[in-house]
file entry-v8.csv (CSV, C-alpha atoms and all ligand atoms)
chain,number,residue,atom,x,y,z
A,1,MET,CA,4.3,-28.3,0.5
A,2,LEU,CA,0.7,-27.1,-0.1
A,3,ARG,CA,-0.6,-23.6,0.5
A,4,PRO,CA,-3.4,-24.7,3.0
A,5,ASP,CA,-0.8,-26.6,5.1
A,6,GLY,CA,1.4,-23.6,5.2
A,7,ILE,CA,-1.5,-21.3,6.2
A,8,ARG,CA,-2.4,-23.8,9.0
A,9,ALA,CA,1.2,-23.8,10.2
A,10,LEU,CA,1.1,-20.0,10.4
A,11,LEU,CA,-2.3,-20.0,12.2
A,12,ASP,CA,-0.9,-22.4,14.7
A,13,ARG,CA,1.7,-19.9,15.6
A,14,VAL,CA,-0.3,-16.7,16.0
A,15,THR,CA,-3.1,-15.4,18.2
A,16,ASP,CA,-4.6,-12.1,17.2
A,17,GLU,CA,-1.9,-10.8,14.8
A,18,PRO,CA,-2.9,-9.4,11.5
A,19,ILE,CA,-2.6,-11.5,8.3
A,20,ILE,CA,-3.0,-9.9,4.9
A,21,ALA,CA,-3.9,-12.3,2.1
A,22,ASN,CA,-3.3,-12.0,-1.6
A,23,LEU,CA,-6.2,-12.1,-4.0
A,24,GLY,CA,-7.6,-15.5,-5.0
A,25,SER,CA,-6.0,-18.6,-3.5
A,26,ALA,CA,-4.4,-17.0,-0.4
A,27,THR,CA,-7.6,-15.2,0.6
A,28,PHE,CA,-9.8,-18.2,0.0
A,29,ASP,CA,-7.5,-20.7,1.8
A,30,LEU,CA,-7.0,-18.4,4.7
A,31,TYR,CA,-10.8,-17.9,5.1
A,32,HIS,CA,-11.4,-21.6,5.1
A,33,ALA,CA,-8.5,-22.4,7.5
A,34,GLN,CA,-9.8,-19.9,10.0
A,35,GLN,CA,-12.1,-16.9,9.7
A,36,ARG,CA,-10.8,-14.2,12.1
A,37,ASP,CA,-11.2,-10.4,12.3
A,38,ALA,CA,-7.5,-9.9,12.0
A,39,ASN,CA,-7.5,-11.4,8.5
A,40,PHE,CA,-7.4,-8.8,5.7
A,41,TYR,CA,-8.8,-10.5,2.6
A,42,THR,CA,-7.9,-8.8,-0.7
A,43,TRP,CA,-9.9,-9.5,-3.9
A,44,GLY,CA,-7.9,-7.4,-6.2
A,45,ALA,CA,-5.2,-4.7,-6.1
A,46,MET,CA,-2.9,-7.4,-7.4
A,47,GLY,CA,0.7,-7.1,-6.2
A,48,MET,CA,-0.2,-4.8,-3.3
A,49,VAL,CA,-0.2,-7.1,-0.3
A,50,SER,CA,3.5,-6.5,0.5
A,51,SER,CA,2.8,-2.7,0.5
A,52,ILE,CA,-0.4,-3.0,2.5
A,53,GLY,CA,1.6,-5.1,5.0
A,54,LEU,CA,4.3,-2.5,5.2
A,55,GLY,CA,1.6,0.2,6.0
A,56,VAL,CA,0.1,-2.0,8.7
A,57,ALA,CA,3.6,-2.9,10.1
A,58,LEU,CA,4.6,0.8,10.3
A,59,ALA,CA,1.3,1.8,11.9
A,60,ALA,CA,1.3,-1.1,14.5
A,61,PRO,CA,4.9,-1.6,15.4
A,62,GLU,CA,3.9,-3.6,18.6
A,63,LYS,CA,2.3,-6.4,16.5
A,64,LYS,CA,3.9,-8.9,14.2
A,65,VAL,CA,2.3,-8.5,10.8
A,66,TYR,CA,2.0,-11.4,8.3
A,67,VAL,CA,1.5,-11.2,4.5
A,68,ILE,CA,0.7,-14.1,2.3
A,69,ASP,CA,1.7,-13.2,-1.2
A,70,GLY,CA,1.8,-15.0,-4.6
A,71,ASP,CA,4.7,-15.2,-7.1
A,72,GLY,CA,2.8,-13.5,-9.9
A,73,SER,CA,1.7,-10.8,-7.6
A,74,LEU,CA,5.1,-10.0,-6.1
A,75,LEU,CA,6.5,-10.0,-9.7
A,76,MET,CA,4.1,-7.0,-10.2
A,77,ASN,CA,5.5,-5.1,-7.2
A,78,LEU,CA,9.2,-5.9,-6.9
A,79,GLY,CA,9.9,-2.3,-5.9
A,80,SER,CA,8.1,-2.9,-2.7
A,81,LEU,CA,10.9,-5.2,-1.6
A,82,GLY,CA,13.3,-2.2,-1.7
A,83,THR,CA,10.7,0.0,0.0
A,84,ILE,CA,10.4,-2.6,2.8
A,85,ALA,CA,14.2,-3.0,3.1
A,86,ARG,CA,14.5,0.8,3.4
A,87,GLN,CA,11.9,1.1,6.2
A,88,ASN,CA,13.3,-2.1,7.8
A,89,PRO,CA,10.2,-2.9,9.9
A,90,LYS,CA,11.2,-5.5,12.5
A,91,ASN,CA,7.6,-6.8,12.8
A,92,LEU,CA,6.9,-7.6,9.1
A,93,VAL,CA,6.8,-11.3,7.9
A,94,HIS,CA,6.3,-11.5,4.1
A,95,ILE,CA,5.5,-15.0,3.0
A,96,VAL,CA,5.5,-15.8,-0.7
A,97,MET,CA,3.6,-18.9,-1.9
A,98,ASP,CA,5.5,-19.6,-5.1
A,99,ASN,CA,3.6,-22.1,-7.3
A,100,GLN,CA,5.4,-20.9,-10.4
A,101,GLN,CA,2.1,-19.9,-12.0
A,102,TRP,CA,-0.7,-17.4,-12.2
A,103,ALA,CA,-3.0,-20.0,-10.7
A,104,GLU,CA,-6.1,-17.9,-10.5
A,105,THR,CA,-6.2,-17.1,-14.2
A,106,GLY,CA,-5.6,-20.7,-15.4
A,107,GLY,CA,-2.2,-21.8,-14.3
A,108,GLN,CA,-0.1,-19.9,-16.8
A,109,PRO,CA,3.6,-20.3,-15.9
A,110,THR,CA,5.2,-17.2,-14.3
A,111,HIS,CA,8.8,-16.1,-14.5
A,112,THR,CA,9.7,-18.1,-11.4
A,113,SER,CA,9.0,-21.2,-13.6
A,114,THR,CA,11.9,-20.2,-15.8
A,115,GLY,CA,14.4,-19.3,-13.1
A,116,THR,CA,13.5,-15.9,-11.7
A,117,ASP,CA,14.4,-16.3,-8.0
A,118,LEU,CA,12.2,-14.1,-5.7
A,119,ALA,CA,14.3,-14.9,-2.7
A,120,GLU,CA,17.5,-13.7,-4.4
A,121,ILE,CA,15.6,-10.6,-5.5
A,122,ALA,CA,14.4,-10.0,-1.9
A,123,ARG,CA,18.0,-10.5,-0.6
A,124,ALA,CA,19.4,-8.1,-3.3
A,125,SER,CA,16.8,-5.6,-2.4
A,126,GLY,CA,18.2,-5.5,1.1
A,127,ILE,CA,15.6,-7.4,3.1
A,128,ALA,CA,17.4,-8.4,6.3
A,129,HIS,CA,16.2,-12.0,6.6
A,130,VAL,CA,15.3,-14.1,3.6
A,131,ILE,CA,14.7,-17.8,3.6
A,132,ARG,CA,13.7,-20.1,0.7
A,133,VAL,CA,12.0,-23.3,1.6
A,134,ALA,CA,10.6,-26.3,-0.3
A,135,SER,CA,9.1,-28.5,2.4
A,136,LEU,CA,6.5,-28.0,5.1
A,137,GLU,CA,9.0,-28.9,7.7
A,138,ASP,CA,11.5,-26.2,6.5
A,139,PHE,CA,8.6,-23.8,6.2
A,140,GLU,CA,7.7,-24.4,9.9
A,141,ASP,CA,11.3,-24.0,10.9
A,142,ALA,CA,11.5,-20.7,9.1
A,143,LEU,CA,8.2,-19.5,10.7
A,144,ASP,CA,9.5,-20.4,14.1
A,145,HIS,CA,12.3,-18.0,13.5
A,146,ALA,CA,10.2,-15.3,12.0
A,147,VAL,CA,7.6,-15.5,14.7
A,148,ASN,CA,10.1,-15.1,17.5
A,149,GLU,CA,12.9,-13.0,16.0
A,150,ASP,CA,13.1,-9.5,14.6
A,151,GLY,CA,12.6,-9.1,10.9
A,152,PRO,CA,11.8,-8.0,8.4
A,153,TRP,CA,11.5,-11.5,7.1
A,154,CYS,CA,10.8,-12.8,3.6
A,155,ILE,CA,10.0,-16.5,3.3
A,156,VAL,CA,9.7,-17.8,-0.2
A,157,ALA,CA,8.0,-21.2,-0.2
A,158,ASP,CA,8.0,-23.4,-3.3
A,159,ILE,CA,4.6,-25.0,-3.2
A,160,GLU,CA,2.6,-27.5,-5.3
A,161,GLU,CA,-0.6,-26.1,-6.6
A,162,HIS,CA,-3.6,-28.3,-5.9
A,163,GLY,CA,-6.4,-25.7,-6.2
A,164,HIS,CA,-8.1,-23.7,-3.5
A,165,GLY,CA,-11.3,-23.6,-1.4
A,166,ALA,CA,-14.5,-22.1,-2.6
A,167,ARG,CA,-15.1,-18.3,-2.9
A,168,PRO,CA,-15.9,-17.2,0.7
A,169,PRO,CA,-18.9,-14.9,1.5
A,170,VAL,CA,-16.9,-11.8,2.6
A,171,SER,CA,-18.0,-8.2,2.3
A,172,VAL,CA,-14.8,-6.2,1.6
A,173,GLU,CA,-16.0,-3.2,3.4
A,174,GLU,CA,-17.1,-5.1,6.5
A,175,ASN,CA,-13.8,-7.0,6.5
A,176,LEU,CA,-11.9,-3.7,6.5
A,177,LEU,CA,-13.9,-2.3,9.4
A,178,ARG,CA,-13.5,-5.4,11.5
A,179,PHE,CA,-9.8,-5.7,10.7
A,180,ARG,CA,-9.4,-2.0,11.7
A,181,ARG,CA,-11.2,-2.6,15.0
A,182,THR,CA,-8.6,-5.2,16.1
A,183,PHE,CA,-6.2,-2.2,16.3
A,184,THR,CA,-8.4,0.5,17.6
A,185,ASP,CA,-10.6,-1.3,20.2
B,1,MET,CA,-2.6,39.0,7.8
B,2,PRO,CA,-1.1,37.5,4.7
B,3,PRO,CA,-2.0,33.8,4.1
B,4,MET,CA,0.4,31.1,5.1
B,5,HIS,CA,2.8,29.8,2.4
B,6,TRP,CA,0.9,27.1,0.6
B,7,THR,CA,3.3,24.4,1.8
B,8,ASP,CA,2.9,25.4,5.4
B,9,ALA,CA,-0.9,25.5,5.0
B,10,ILE,CA,-0.8,21.9,3.8
B,11,VAL,CA,1.4,20.8,6.6
B,12,GLU,CA,-0.9,22.4,9.2
B,13,SER,CA,-4.0,20.9,7.7
B,14,LEU,CA,-2.4,17.4,7.7
B,15,LYS,CA,-1.5,17.9,11.4
B,16,SER,CA,-5.0,19.1,12.4
B,17,HIS,CA,-6.5,16.0,10.8
B,18,ASP,CA,-4.0,13.6,12.6
B,19,VAL,CA,-2.4,12.5,9.3
B,20,TRP,CA,0.8,10.7,10.2
B,21,LEU,CA,2.1,8.4,7.4
B,22,ILE,CA,3.2,10.0,4.1
B,23,PRO,CA,4.1,7.6,1.3
B,24,TYR,CA,5.4,9.4,-1.8
B,25,VAL,CA,7.2,9.4,-5.1
B,26,PRO,CA,8.8,12.9,-5.1
B,27,ASP,CA,8.5,15.7,-7.7
B,28,ALA,CA,9.8,19.2,-7.6
B,29,ILE,CA,6.3,20.6,-6.7
B,30,THR,CA,5.4,18.2,-3.9
B,31,TRP,CA,8.9,18.1,-2.6
B,32,GLN,CA,8.3,21.7,-1.4
B,33,VAL,CA,5.8,20.1,1.1
B,34,LEU,CA,7.5,16.8,1.5
B,35,SER,CA,10.9,18.3,2.6
B,36,LYS,CA,9.0,20.0,5.5
B,37,LEU,CA,7.1,16.8,6.4
B,38,GLU,CA,10.4,14.9,6.4
B,39,GLN,CA,11.8,17.2,9.1
B,40,ASP,CA,8.7,17.2,11.2
B,41,PRO,CA,8.4,14.6,13.9
B,42,ALA,CA,4.6,14.6,13.6
B,43,PHE,CA,5.0,12.7,10.3
B,44,HIS,CA,6.6,9.5,9.1
B,45,THR,CA,7.5,9.8,5.4
B,46,VAL,CA,7.9,6.7,3.2
B,47,PRO,CA,9.6,7.0,-0.1
B,48,VAL,CA,8.2,4.3,-2.4
B,49,ALA,CA,9.3,3.0,-5.8
B,50,ARG,CA,6.0,3.3,-7.6
B,51,GLU,CA,2.8,5.2,-7.0
B,52,GLU,CA,0.4,2.3,-6.6
B,53,GLU,CA,2.6,1.2,-3.7
B,54,ALA,CA,2.0,4.6,-2.1
B,55,ILE,CA,-1.7,4.1,-2.1
B,56,ALA,CA,-1.4,0.6,-0.7
B,57,VAL,CA,1.0,1.6,2.1
B,58,ALA,CA,-1.5,4.4,3.0
B,59,ALA,CA,-4.4,1.9,2.9
B,60,GLY,CA,-2.5,-0.5,5.2
B,61,ALA,CA,-1.8,2.3,7.7
B,62,TYR,CA,-5.5,3.2,7.8
B,63,ALA,CA,-6.5,-0.5,8.1
B,64,ALA,CA,-4.3,-0.5,11.2
B,65,GLY,CA,-6.0,2.5,12.8
B,66,LYS,CA,-3.7,5.4,11.6
B,67,ARG,CA,-4.2,8.1,9.0
B,68,ALA,CA,-2.1,8.6,5.9
B,69,ALA,CA,-1.9,10.9,2.8
B,70,VAL,CA,-0.1,10.3,-0.5
B,71,PHE,CA,2.0,12.6,-2.6
B,72,VAL,CA,2.7,11.9,-6.3
B,73,GLN,CA,3.4,13.7,-9.6
B,74,SER,CA,0.8,13.9,-12.4
B,75,SER,CA,3.1,11.6,-14.5
B,76,GLY,CA,2.6,8.8,-12.0
B,77,PHE,CA,-1.1,9.3,-11.3
B,78,GLY,CA,-2.0,6.5,-13.8
B,79,ASN,CA,0.2,4.1,-11.8
B,80,THR,CA,-2.2,4.5,-8.8
B,81,ILE,CA,-5.4,3.2,-10.4
B,82,ASN,CA,-5.0,-0.5,-9.5
B,83,SER,CA,-4.8,0.3,-5.8
B,84,LEU,CA,-7.0,3.4,-5.9
B,85,ALA,CA,-9.9,1.5,-7.4
B,86,GLN,CA,-9.5,-2.0,-6.0
B,87,LEU,CA,-8.3,-1.1,-2.5
B,88,SER,CA,-9.2,2.5,-1.6
B,89,GLN,CA,-12.5,2.6,-3.4
B,90,ALA,CA,-13.6,-1.0,-3.1
B,91,HIS,CA,-12.8,-1.4,0.6
B,92,LYS,CA,-13.7,2.2,1.4
B,93,ILE,CA,-10.3,3.2,2.7
B,94,PRO,CA,-9.7,7.0,2.8
B,95,VAL,CA,-6.6,8.0,0.9
B,96,PRO,CA,-6.2,11.7,0.4
B,97,THR,CA,-3.9,12.1,-2.5
B,98,PHE,CA,-1.9,15.3,-3.4
B,99,VAL,CA,-0.8,15.5,-7.1
B,100,GLY,CA,1.9,17.8,-8.3
B,101,MET,CA,0.3,18.9,-11.6
B,102,ARG,CA,2.7,19.5,-14.5
B,103,GLY,CA,1.7,20.2,-18.0
B,104,GLY,CA,0.0,23.5,-17.4
B,105,LEU,CA,1.0,27.2,-17.4
B,106,GLY,CA,4.7,27.6,-18.0
B,107,GLU,CA,5.4,23.9,-18.7
B,108,PHE,CA,8.6,23.4,-20.7
B,109,ASN,CA,8.4,19.6,-21.0
B,110,PRO,CA,6.0,18.5,-23.8
B,111,VAL,CA,5.7,15.0,-22.5
B,112,GLN,CA,4.1,16.2,-19.3
B,113,ILE,CA,1.1,17.7,-21.1
B,114,PRO,CA,-0.7,14.5,-22.3
B,115,SER,CA,-0.3,12.8,-19.0
B,116,ALA,CA,-1.5,15.7,-16.8
B,117,HIS,CA,-4.5,17.0,-18.8
B,118,PRO,CA,-6.7,13.9,-18.6
B,119,ILE,CA,-6.4,13.7,-14.8
B,120,PRO,CA,-9.5,15.7,-13.8
B,121,GLY,CA,-11.4,13.6,-16.4
B,122,PHE,CA,-10.0,10.3,-15.0
B,123,LEU,CA,-11.0,11.4,-11.5
B,124,ASP,CA,-14.5,12.3,-12.6
B,125,ALA,CA,-14.9,9.0,-14.4
B,126,MET,CA,-13.8,7.2,-11.3
B,127,ASN,CA,-16.1,9.3,-9.1
B,128,ILE,CA,-13.2,10.6,-7.0
B,129,PRO,CA,-13.7,14.2,-5.8
B,130,HIS,CA,-10.9,16.6,-6.7
B,131,TYR,CA,-10.1,20.1,-5.7
B,132,ALA,CA,-7.5,22.6,-7.0
B,133,PRO,CA,-6.6,25.6,-4.9
B,134,MET,CA,-5.2,28.2,-7.3
B,135,VAL,CA,-4.3,30.9,-4.7
B,136,GLU,CA,-2.7,30.8,-1.3
B,137,ASP,CA,-5.8,32.2,0.3
B,138,ASP,CA,-7.7,29.0,-0.6
B,139,VAL,CA,-5.2,26.4,0.4
B,140,THR,CA,-6.3,25.9,4.0
B,141,SER,CA,-10.0,25.7,3.3
B,142,TYR,CA,-9.6,23.4,0.3
B,143,VAL,CA,-7.1,21.0,2.0
B,144,ASP,CA,-9.0,21.0,5.3
B,145,GLY,CA,-12.2,20.3,3.4
B,146,ALA,CA,-10.7,17.6,1.2
B,147,LEU,CA,-9.2,15.8,4.3
B,148,GLU,CA,-12.5,16.0,6.2
B,149,LEU,CA,-14.4,14.7,3.2
B,150,SER,CA,-12.0,11.8,2.6
B,151,PHE,CA,-12.0,10.6,6.2
B,152,ALA,CA,-15.7,11.2,6.7
B,153,SER,CA,-16.7,9.4,3.5
B,154,ARG,CA,-13.9,6.8,3.8
B,155,MET,CA,-13.1,7.4,0.1
B,156,PRO,CA,-10.1,8.8,-1.9
B,157,VAL,CA,-10.1,12.5,-2.6
B,158,ALA,CA,-7.5,14.3,-4.7
B,159,VAL,CA,-5.9,17.7,-4.3
B,160,LEU,CA,-4.3,19.0,-7.5
B,161,LEU,CA,-1.4,21.4,-7.1
B,162,TYR,CA,-1.1,23.5,-10.3
B,163,SER,CA,1.6,26.0,-11.3
B,164,GLN,CA,-0.8,28.9,-10.6
B,165,LEU,CA,-0.3,28.0,-6.9
B,166,VAL,CA,3.1,26.5,-6.8
B,167,GLY,CA,5.0,28.4,-9.5
B,168,ALA,CA,6.2,27.0,-12.9
B,169,LYS,CA,9.1,24.7,-12.8
B,170,ARG,CA,12.1,25.9,-14.7
B,171,ALA,CA,14.8,23.2,-14.5
B,172,THR,CA,14.5,19.4,-14.8
B,173,SER,CA,11.5,17.1,-14.8
C,1,LIG,C1,-3.7,-5.7,-12.0
C,1,LIG,C2,-4.3,-7.0,-12.3
C,1,LIG,N1,-3.8,-7.7,-13.4
C,1,LIG,C3,-4.3,-8.9,-13.6
C,1,LIG,C4,-5.2,-9.5,-12.8
C,1,LIG,C5,-5.8,-10.9,-13.2
C,1,LIG,N2,-5.3,-11.9,-12.1
C,1,LIG,C6,-6.0,-12.2,-11.1
C,1,LIG,S1,-5.3,-13.4,-10.1
C,1,LIG,C7,-3.9,-13.4,-11.1
C,1,LIG,C8,-2.8,-14.3,-10.8
C,1,LIG,C9,-2.1,-14.1,-9.4
C,1,LIG,O1,-1.0,-14.9,-9.4
C,1,LIG,P1,-0.2,-15.2,-8.1
C,1,LIG,O2,0.0,-14.0,-7.3
C,1,LIG,O3,1.0,-16.1,-8.4
C,1,LIG,O4,-1.3,-16.1,-7.2
C,1,LIG,P2,-1.8,-17.5,-7.5
C,1,LIG,O5,-3.1,-17.3,-8.3
C,1,LIG,O6,-0.8,-18.3,-8.3
C,1,LIG,O7,-2.1,-18.1,-6.2
C,1,LIG,C10,-4.1,-12.5,-12.2
C,1,LIG,C11,-3.1,-12.3,-13.2
C,1,LIG,C12,-5.7,-8.8,-11.7
C,1,LIG,N3,-6.6,-9.3,-10.9
C,1,LIG,N4,-5.2,-7.6,-11.5
C,2,MG,MG,1.3,-18.0,-8.3
call {"tool": "encode", "arguments": {"input": "entry-v8.csv", "output": "C-alpha cells"}}
result
Amino acid sequence: MLRPDGIRALLDRVTDEPIIANLGSATFDLYHAQQRDANFYTWGAMGMVSSIGLGVALAAPEKKVYVIDGDGSLLMNLGSLGTIARQNPKNLVHIVMDNQQWAETGGQPTHTSTGTDLAEIARASGIAHVIRVASLEDFEDALDHAVNEDGPWCIVADIEEHGHGARPPVSVEENLLRFRRTFTD
Amino acid sequence: MPPMHWTDAIVESLKSHDVWLIPYVPDAITWQVLSKLEQDPAFHTVPVAREEEAIAVAAGAYAAGKRAAVFVQSSGFGNTINSLAQLSQAHKIPVPTFVGMRGGLGEFNPVQIPSAHPIPGFLDAMNIPHYAPMVEDDVTSYVDGALELSFASRMPVAVLLYSQLVGAKRATS
C-alpha cells in the first residue's frame, strides 16, 4: 500500500469532514489528492496531530474527525494514545501511515523497523478499536468500519515509501482560518 | 467588598470569555483551580500525559470553533515549546496558558528553581506576553486582560501563578 492511495481511499469516503495531516508527506499528499478547506495541514509540531485531532473531535462531536499520522511522529507522542483512550471520542479516526522510517529527514529507520508495534501500543493504551493492515484492500475495509461505526479508531497501515508530492503553496494562517470556518459558518 | 479568592476569579474570567476546553497536567497550585473546573459543567477538562499535548488539544479545539485554556506546572513549561511555537504561534492559534510557578518564595525543592526561573526570559525570547498577578485584587483584571489579548491577537499568552498569590507549597512536588 502507498500513502497517496490510502489518502484517496479516505477522500472517497468523506464529504466535508475534517482531516488533520502530519507534517511532510501526509500534508503534501493530502493537498495534491484534494485541496479542501476541511484539511488541516501541519508543517511542524511533530507528533501533535493525534492531540490536535482529539481537540477537534471533542469540540465537534457531531463530525467524524480523521487524522493522518506518521510512525516517527506518533512515537514522539505515545502518551496521546492514553489521553485519547481516556476521553474515548466516538468520532475520532486516527490513521497511522507506518513506513518504518523518518522519511522526511532522509529515510532513517524508526523503531517500528525493529519491531515496535504501534497497533499493540494503541490497544494496550486502551483505544477501543485498533486495526493493523498491510494492503490497500484491508485498509479500505478498515475505513468502511471506521467511517460508519463508533470509535475511537486507530488504523495502523504498513506502507511502502515511494516519496511524496511537491511542497504545496499553503499559508498556515489562512489554512487555519478556512478550516475553522468549516465549523463556525 | 473583599476580592474573590484567586481561584474563583480565574474560573469566572474563563467563563466570561467562553473558554470551554481545559487540557492540563496537574500540579498542586493549578489543581486549586482545576478541581473547581472539573466540577463545573461549563468546562470540559482533559488530563493529558505531557504538556505539549495540552497545547495541541487546545489548538485543535480552537481550530474547530471552540475556546480552550491550558494549565501546566513550571517544570513542564519546556515541554510545551514544540507545539507553542510551531502550532500556536505559527498558525496563529490563541492558547492562553496558566503556569503554576514553583521555585520562588518558600520553595523547598531545589530542582524546581532552575526550571522555573528562566520561564519569563523564555517567554520574552519567544515574544509571548506574560502576566503575573501577585495579589488577589489583581487577578480578575490580569486574567480578563490576558484572555482578551490572547483571543483578540490569536496568539499564546501566559499567566504565571507565583507563591505570593497562591501560597508556598509545603508537602510534595
Ligand atoms: C520536534 C521535531 N523534531 C524533529 C523534526 C525533524 N523531522 C521532520 S519530519 C521528521 C520525520 C517524521 O517521521 P514520520 O512521522 O514517520 O513521517 P514520514 O516522514 O515518515 O512520513 C523529522 C524527524 C521536527 N520537524 N520536529
Ligand atoms: Mg514514517
call {"tool": "residues_around", "arguments": {"input": "entry-v8.csv", "residues": "Ser125 in chain A", "least_positions_apart": "3", "cutoff": "8 Å", "atoms": "only C-alpha atoms", "output": "list in words"}}
result
Leu81, Gly82, Ala85, Ile121 and Ala122 of chain A
call {"tool": "closest_atom_pairs", "arguments": {"input": "entry-v8.csv", "of": "chain A", "to": "ligand MG 2 (chain C)", "cutoff": "9 Å", "atoms": "only C-alpha atoms and all ligand atoms", "output": "JSON lines"}}
result
{"residue": "A:Ser25", "atom": "CA", "partner": "C:MG2", "partner_atom": "MG", "distance": 8.8}
{"residue": "A:Asp69", "atom": "CA", "partner": "C:MG2", "partner_atom": "MG", "distance": 8.6}
{"residue": "A:Gly70", "atom": "CA", "partner": "C:MG2", "partner_atom": "MG", "distance": 4.8}
{"residue": "A:Asp71", "atom": "CA", "partner": "C:MG2", "partner_atom": "MG", "distance": 4.6}
{"residue": "A:Gly72", "atom": "CA", "partner": "C:MG2", "partner_atom": "MG", "distance": 5.0}
{"residue": "A:Ser73", "atom": "CA", "partner": "C:MG2", "partner_atom": "MG", "distance": 7.2}
{"residue": "A:Val96", "atom": "CA", "partner": "C:MG2", "partner_atom": "MG", "distance": 9.0}
{"residue": "A:Met97", "atom": "CA", "partner": "C:MG2", "partner_atom": "MG", "distance": 6.9}
{"residue": "A:Asp98", "atom": "CA", "partner": "C:MG2", "partner_atom": "MG", "distance": 5.5}
{"residue": "A:Asn99", "atom": "CA", "partner": "C:MG2", "partner_atom": "MG", "distance": 4.8}
{"residue": "A:Gln100", "atom": "CA", "partner": "C:MG2", "partner_atom": "MG", "distance": 5.4}
{"residue": "A:Gln101", "atom": "CA", "partner": "C:MG2", "partner_atom": "MG", "distance": 4.2}
{"residue": "A:Trp102", "atom": "CA", "partner": "C:MG2", "partner_atom": "MG", "distance": 4.4}
{"residue": "A:Ala103", "atom": "CA", "partner": "C:MG2", "partner_atom": "MG", "distance": 5.3}
{"residue": "A:Glu104", "atom": "CA", "partner": "C:MG2", "partner_atom": "MG", "distance": 7.7}
{"residue": "A:Gly107", "atom": "CA", "partner": "C:MG2", "partner_atom": "MG", "distance": 7.9}
{"residue": "A:Gln108", "atom": "CA", "partner": "C:MG2", "partner_atom": "MG", "distance": 8.8}
{"residue": "A:Pro109", "atom": "CA", "partner": "C:MG2", "partner_atom": "MG", "distance": 8.3}
{"residue": "A:Thr110", "atom": "CA", "partner": "C:MG2", "partner_atom": "MG", "distance": 7.2}
{"residue": "A:Thr112", "atom": "CA", "partner": "C:MG2", "partner_atom": "MG", "distance": 9.0}
{"residue": "A:Glu161", "atom": "CA", "partner": "C:MG2", "partner_atom": "MG", "distance": 8.5}
call {"tool": "closest_atom_pairs", "arguments": {"input": "entry-v8.csv", "of": "chain B", "to": "ligand LIG 1 (chain C)", "cutoff": "9 Å", "atoms": "all atoms listed in the file", "output": "CSV"}}
result
residue,atom,partner,partner_atom,distance
B:Asn82,CA,C:LIG1,C1,5.9
B:Ser83,CA,C:LIG1,C1,8.7
B:Gln86,CA,C:LIG1,N4,8.9
call {"tool": "closest_residue", "arguments": {"input": "entry-v8.csv", "among": "B:Lys36, B:Lys66, B:His44, B:His5", "to": "Ala60 in chain A", "atoms": "all atoms listed in the file"}}
result
B:Lys66
call {"tool": "residues_around", "arguments": {"input": "entry-v8.csv", "residues": "Glu38 in chain B", "least_positions_apart": "6", "cutoff": "12 Å", "atoms": "all atoms listed in the file", "output": "ChimeraX atom specification"}}
result
/B:11,20-24,26,30-32,44-47
call {"tool": "closest_atom_pairs", "arguments": {"input": "entry-v8.csv", "of": "chain A", "to": "chain B", "cutoff": "8 Å", "atoms": "all atoms listed in the file", "output": "tab-separated table"}}
result
residue	atom	partner	partner_atom	distance
A:Thr42	CA	B:Leu87	CA	7.9
A:Trp43	CA	B:Gln86	CA	7.8
A:Gly44	CA	B:Gln86	CA	5.6
A:Ala45	CA	B:Ser83	CA	5.0
A:Met46	CA	B:Asn82	CA	7.5
A:Met48	CA	B:Ala56	CA	6.1
A:Val49	CA	B:Ala56	CA	7.8
A:Ser51	CA	B:Val57	CA	4.9
A:Ile52	CA	B:Gly60	CA	4.2
A:Gly53	CA	B:Gly60	CA	6.2
A:Leu54	CA	B:Val57	CA	6.1
A:Gly55	CA	B:Val57	CA	4.2
A:Val56	CA	B:Gly60	CA	4.6
A:Ala57	CA	B:Ala61	CA	7.9
A:Leu58	CA	B:Ala61	CA	7.1
A:Ala59	CA	B:Ala61	CA	5.2
A:Ala60	CA	B:Ala64	CA	6.5
A:Asn77	CA	B:Glu53	CA	7.8
A:Gly79	CA	B:Ala49	CA	5.3
A:Ser80	CA	B:Ala49	CA	6.8
A:Gly82	CA	B:Ala49	CA	7.7
A:Thr83	CA	B:Val48	CA	5.5
A:Gln87	CA	B:Val46	CA	7.5
A:Val172	CA	B:His91	CA	5.3
A:Glu173	CA	B:His91	CA	4.6
A:Leu176	CA	B:His91	CA	6.4
A:Leu177	CA	B:Ala63	CA	7.7
A:Phe179	CA	B:Ala63	CA	6.7
A:Arg180	CA	B:Ala63	CA	4.9
A:Arg181	CA	B:Gly65	CA	7.6
A:Phe183	CA	B:Ala64	CA	5.7
A:Thr184	CA	B:Gly65	CA	5.7
call {"tool": "atom_distance", "arguments": {"input": "entry-v8.csv", "atom1": "CA of Val133 in chain A", "atom2": "CA of Ala157 in chain A"}}
result
4.9 Å
